Structure formats: structure tokens, C-alpha cells
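As C-alpha cells, the structure follows; a few thoughts come after it.
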Amino acid sequence: MFKAKLKAAYQDLTQSEKLVADYILEHIDDIKTITSHQLAINTNIGQSTIIRFSQKLGYGSFRELLADLSAIPRQDIYREEIQIHESMNDTNRKIIAQYQDIVEITFQNNKAEIIQQACDMLTRAKKVITFGIGSSNLFCEYLANQLVKMGLLCITSQTPHTIYSLIDQSRKDTVLFLISESGETHEVIKAASIAKERGVPIIAMTRMSKNPLHGYADLLLKTVAFETQTRLNITTMRCSQLYLIDALYLNIMKSNFTKYNKIIARSEVLSDRRQ
């Protein structure tokens, strides 16, 4: 998982930490038994930076990082980037490997208690508003559909002014669920700002690396996207959002299965009725 964690965190590393990362990648076969002190000497970078680098990748210590490095198969090509001239079979296997890595890192960075808190906020709210721009809006619609299917009042729109008005008319019994991969989208930040002024609680689903949306969130769900040199991996980032939404839906469903199952069954009957 070291390479996957590095891809996810690379854009948030300092220049010194990137030098550490590059050194490890260049000497990956020889570094699996090195100490943080020796690595600091080899890279001419302070030992404290080595420790911070390990922590940014999600390891409790440098020793844990080394243990993960030892598990990397040297010829694990399926953790590498997709290439234009590779075979279709290799591309398809890389997609599977990337999905596995992204979902695993998303799982590790969103503890059970965070998912539970999000479920509680959604089920206790009198109304949920979901909002995102572009492809994020597709996940807002998916989440809204799942919640409505269980009998929860959820509203979404891809029109910013409609969302702004809905938030402006809301109070603390509403939850605003914002989805933004970058956490910097102007319309999403404006929605968050209005919600803060009105005292509306905010659940934000956005990337792990610090961004403006973090500062508005009452509860943060962290998503993962890999840094790539090409655009051939761009769609794989979306499985992180999908995993989190399904985790919310299924855990809410489990919390009162009899109740929600009856509501869903009734909804399906209504959908099947001929007009």
C-alpha cells in the first residue's frame, strides 16, 4: 500500500518530504531495513521530517512504513500508471488494483465512528440538502435518491441559486451535504458560507489534503485521488466517493432494517404501478 498512499498524499507533501519520497522510490530494494536516522543522513534532511512524512502517509511510525515497504513485490506493475501502449489486459488489471487501493485508503482514513456520526446526522435531520458541481453533482443525486428511497427528506439541485435559497431558508434541523473533490469550488464554498451564517450543520466529502472546505465542515469525510502524470487514471478517483455513500446508505439501512425495508418495499410497489 505504500505506493498507493504516496500517490494519495503526494500533492500535500512539502518539498523536503517529496525529496524523501523520491529517494525511497529510487532505492526501494535497499531501504527496507534502514533507520529514520540513516535515511535522514542519506537525504540530508532532518529526522523530524522523515517522521512527519511517515505520518502524512497514514503510518503511526517510520517502522510501520518500512513494514509496508517490505510487502511490496518489486514487479508489481499493476500499481503503476496506465500506459498508452500497454495491453488491454494490463490496463484492466491496473484499474482493479487502483480501485482496491483507493477504497482501502478511504476506509483507513474514515474511521467507523466518523461514518456513524454522519449516519446519525442524516437520520436525525428533518431535511438534507446535497450539493456539488459537475461530476460531484452525480454523486449528490445518487446520495439523495438513496436517502429518499428510505423515507428521508432530501433535496438536491445542480443550480447554485436554488441551493443558496434552500440553505438560506433552513436552520439547525437541516444538514447540508457538500461534495467537492478539490474542496475549492466557488459555488460549494459559497453554499458552505451561507450554511455557517444560518447555523446549518455541514457534512463535507472532499479530498484528504487540506483545502478551504475543511474549515467549514462540522464533519469531514475524506476522499482519495491519485496524482498521475497522465489523465488515464482520472475516473478511478470516483470509487472513493461511491464507497463512502454506499457505506452511509447501508449502515443507515442496518440501523433500523425493518422500518427502512418496509419503506423501500412500498416505494417499489408504487414504482411498479401502471399509470
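Residues are named by chain letter and number: chains run A, B, ... in the order of the C-alpha cells, numbers start at 1 in each chain, and ligands are numbered from 1 in the order shown.
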> Within 7 Å of segment 157-161 of chain A, counting only C-alpha atoms, which residues qualify if same-chain residues fewer than 5 places away don't, as a PyMOL selection string?
Replying inline: chain A and resi 131+133+137+187
Include N, CA and C atoms and write out the residues we just selected as an mmCIF file, in the first residue's frame.
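Wrote selection-v6.cif, looks like this:
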```cif
data_model
loop_
_atom_site.group_PDB
_atom_site.id
_atom_site.type_symbol
_atom_site.label_atom_id
_atom_site.label_comp_id
_atom_site.auth_asym_id
_atom_site.auth_seq_id
_atom_site.Cartn_x
_atom_site.Cartn_y
_atom_site.Cartn_z
ATOM 1 N N PHE A 131 -25.286 18.968 -2.387
ATOM 2 C CA PHE A 131 -24.867 19.894 -3.441
ATOM 3 C C PHE A 131 -23.430 19.628 -3.864
ATOM 4 N N ILE A 133 -20.833 20.369 -7.759
ATOM 5 C CA ILE A 133 -20.765 20.904 -9.120
ATOM 6 C C ILE A 133 -20.134 19.872 -10.055
ATOM 7 N N ASN A 137 -21.961 16.455 -8.708
ATOM 8 C CA ASN A 137 -23.412 16.529 -8.634
ATOM 9 C C ASN A 137 -24.060 15.161 -8.867
ATOM 10 N N GLU A 187 -18.765 27.760 -5.979
ATOM 11 C CA GLU A 187 -20.175 27.602 -5.631
ATOM 12 C C GLU A 187 -20.362 26.782 -4.352
#
```
>> Taking the DSSP secondary structure from the backbone, can you list the residues of segment 93-217 of chain A that are strand (DSSP E or B), as a PyMOL selection string?
In response: chain A and resi 127-131+154-156+174-179+202-207
> Which polymer residues have any atom within 9 Å of an atom of Leu244 of chain A, counting only C-alpha atoms, with same-chain residues fewer than 5 positions away left out, as a PyMOL selection string?
Replying inline: chain A and resi 103+106-107+110+115+205+221-223+239+249
> For Ser70 of chain A, which residue among A:Met1, A:Lys111, A:Thr91, A:Tyr10 is the nearest when counting only C-alpha atoms?
Replying inline: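 Using only C-alpha atoms, Ser70 of chain A sits closest to A:Met1.
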> So, counting only C-alpha atoms, which residue among A:Ser180, A:Thr185, A:Asn261, A:Ser16 is closest to Thr130 of chain A?
Replying inline: A:Ser180
> Skipping near chain neighbours, those fewer than 2 positions away, what residues fall within 12 Å of Lys210 of chain A using only C-alpha atoms, listed as a list of chain:residue names?
Replying inline: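 Here the answer would be A:Ala9, A:Gln11, A:Asp12, A:Leu13, A:Lys56, A:Glu181, A:Ser182, A:Gly183, A:Glu184, A:Thr206, A:Arg207, A:Met208, A:Pro212, A:Leu213, A:His214, A:Gly215, A:Tyr216, A:Ala217, A:Leu220, A:Lys222, A:Thr223.
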Could you write those residues out with N, CA and C atoms, as a CSV table (one decimal), in the first residue's frame?
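Saved as selection.csv:
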```
chain,number,residue,atom,x,y,z
A,9,ALA,N,-1.2,11.1,-1.1
A,9,ALA,CA,-0.7,12.2,-0.2
A,9,ALA,C,0.3,13.1,-0.9
A,11,GLN,N,0.5,15.4,-3.3
A,11,GLN,CA,0.3,16.8,-3.5
A,11,GLN,C,0.3,17.6,-2.3
A,12,ASP,N,0.2,17.0,-1.1
A,12,ASP,CA,0.1,17.7,0.2
A,12,ASP,C,1.5,17.6,0.9
A,13,LEU,N,2.5,17.1,0.3
A,13,LEU,CA,3.8,17.0,0.9
A,13,LEU,C,4.6,18.3,0.7
A,56,LYS,N,2.1,11.7,7.5
A,56,LYS,CA,1.3,12.2,6.4
A,56,LYS,C,0.8,11.1,5.5
A,181,GLU,N,-14.4,17.4,-4.9
A,181,GLU,CA,-13.1,16.7,-4.8
A,181,GLU,C,-12.0,17.7,-4.5
A,182,SER,N,-12.0,18.9,-5.0
A,182,SER,CA,-10.9,19.8,-4.8
A,182,SER,C,-11.1,20.5,-3.4
A,183,GLY,N,-12.4,20.7,-3.0
A,183,GLY,CA,-12.7,21.5,-1.8
A,183,GLY,C,-12.5,23.0,-2.0
A,184,GLU,N,-12.4,23.4,-3.3
A,184,GLU,CA,-12.1,24.8,-3.6
A,184,GLU,C,-13.2,25.4,-4.6
A,206,THR,N,-14.7,15.5,0.8
A,206,THR,CA,-13.6,16.1,-0.1
A,206,THR,C,-12.3,15.4,0.2
A,207,ARG,N,-11.3,15.8,-0.6
A,207,ARG,CA,-10.0,15.1,-0.5
A,207,ARG,C,-9.3,15.3,0.8
A,208,MET,N,-8.4,14.4,1.1
A,208,MET,CA,-7.8,14.4,2.4
A,208,MET,C,-6.9,15.6,2.6
A,212,PRO,N,-9.9,24.6,1.5
A,212,PRO,CA,-10.9,25.6,2.1
A,212,PRO,C,-12.1,25.0,2.7
A,213,LEU,N,-12.6,23.9,2.1
A,213,LEU,CA,-13.9,23.3,2.5
A,213,LEU,C,-13.7,22.6,3.9
A,214,HIS,N,-12.5,22.2,4.2
A,214,HIS,CA,-12.2,21.6,5.6
A,214,HIS,C,-12.6,22.6,6.7
A,215,GLY,N,-12.4,23.8,6.5
A,215,GLY,CA,-12.6,24.8,7.5
A,215,GLY,C,-14.1,25.1,7.8
A,216,TYR,N,-15.0,24.7,6.9
A,216,TYR,CA,-16.4,24.9,7.0
A,216,TYR,C,-17.1,23.6,7.6
A,217,ALA,N,-16.5,22.5,7.5
A,217,ALA,CA,-17.2,21.2,7.8
A,217,ALA,C,-17.3,21.0,9.3
A,220,LEU,N,-16.2,15.7,8.5
A,220,LEU,CA,-15.4,15.6,7.3
A,220,LEU,C,-15.3,14.1,6.9
A,222,LYS,N,-13.3,12.0,4.2
A,222,LYS,CA,-12.1,12.2,3.3
A,222,LYS,C,-12.1,11.2,2.1
A,223,THR,N,-11.9,11.8,1.0
A,223,THR,CA,-11.8,11.0,-0.3
A,223,THR,C,-10.4,11.0,-0.8
```
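Excluding Tyr260 of chain A itself and same-chain residues fewer than 2 positions from it, the residues having an atom within 12 Å of it are Thr123, Gln146, Leu147, Val148, Lys149, Met150, Gly151, Leu152, Tyr249, Leu250, Asn251, Ile252, Met253, Lys254, Ser255, Asn256, Phe257, Thr258, Lys262, Ile263, Ile264, Ala265, Arg266 and Ser267 of chain A, counting only C-alpha atoms.
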Go ahead and write the selection's residues with C-alpha atoms as a PDB file, in the first residue's frame.
```pdb
ATOM      1  CA  THR A 123     -31.190  10.335  10.087  1.00  0.00           C
ATOM      2  CA  GLN A 146     -30.759   6.544  -1.696  1.00  0.00           C
ATOM      3  CA  LEU A 147     -31.926   8.651   1.250  1.00  0.00           C
ATOM      4  CA  VAL A 148     -35.340   9.435  -0.273  1.00  0.00           C
ATOM      5  CA  LYS A 149     -35.820   5.735  -1.002  1.00  0.00           C
ATOM      6  CA  MET A 150     -35.514   5.119   2.758  1.00  0.00           C
ATOM      7  CA  GLY A 151     -38.079   7.816   3.563  1.00  0.00           C
ATOM      8  CA  LEU A 152     -35.673  10.634   4.479  1.00  0.00           C
ATOM      9  CA  TYR A 249     -26.647   4.113   2.953  1.00  0.00           C
ATOM     10  CA  LEU A 250     -26.072   0.535   4.113  1.00  0.00           C
ATOM     11  CA  ASN A 251     -25.251   1.482   7.703  1.00  0.00           C
ATOM     12  CA  ILE A 252     -28.349   3.671   7.931  1.00  0.00           C
ATOM     13  CA  MET A 253     -30.343   0.774   6.481  1.00  0.00           C
ATOM     14  CA  LYS A 254     -28.908  -1.594   9.114  1.00  0.00           C
ATOM     15  CA  SER A 255     -29.728   0.792  11.975  1.00  0.00           C
ATOM     16  CA  ASN A 256     -33.467   0.104  11.588  1.00  0.00           C
ATOM     17  CA  PHE A 257     -33.744  -2.527   8.891  1.00  0.00           C
ATOM     18  CA  THR A 258     -37.420  -3.390   9.459  1.00  0.00           C
ATOM     19  CA  LYS A 262     -40.830  -1.533   4.566  1.00  0.00           C
ATOM     20  CA  ILE A 263     -40.461   1.993   3.193  1.00  0.00           C
ATOM     21  CA  ILE A 264     -38.327   0.786   0.296  1.00  0.00           C
ATOM     22  CA  ALA A 265     -40.772  -2.042  -0.453  1.00  0.00           C
ATOM     23  CA  ARG A 266     -43.681   0.420  -0.569  1.00  0.00           C
ATOM     24  CA  SER A 267     -41.684   2.687  -2.853  1.00  0.00           C
TER      25      SER A 267
END
```
> So what do you get for atom CA of Leu178 of chain A versus atom CA of Ala204 of chain A, distance-wise?
Replying inline: 4.8 Å
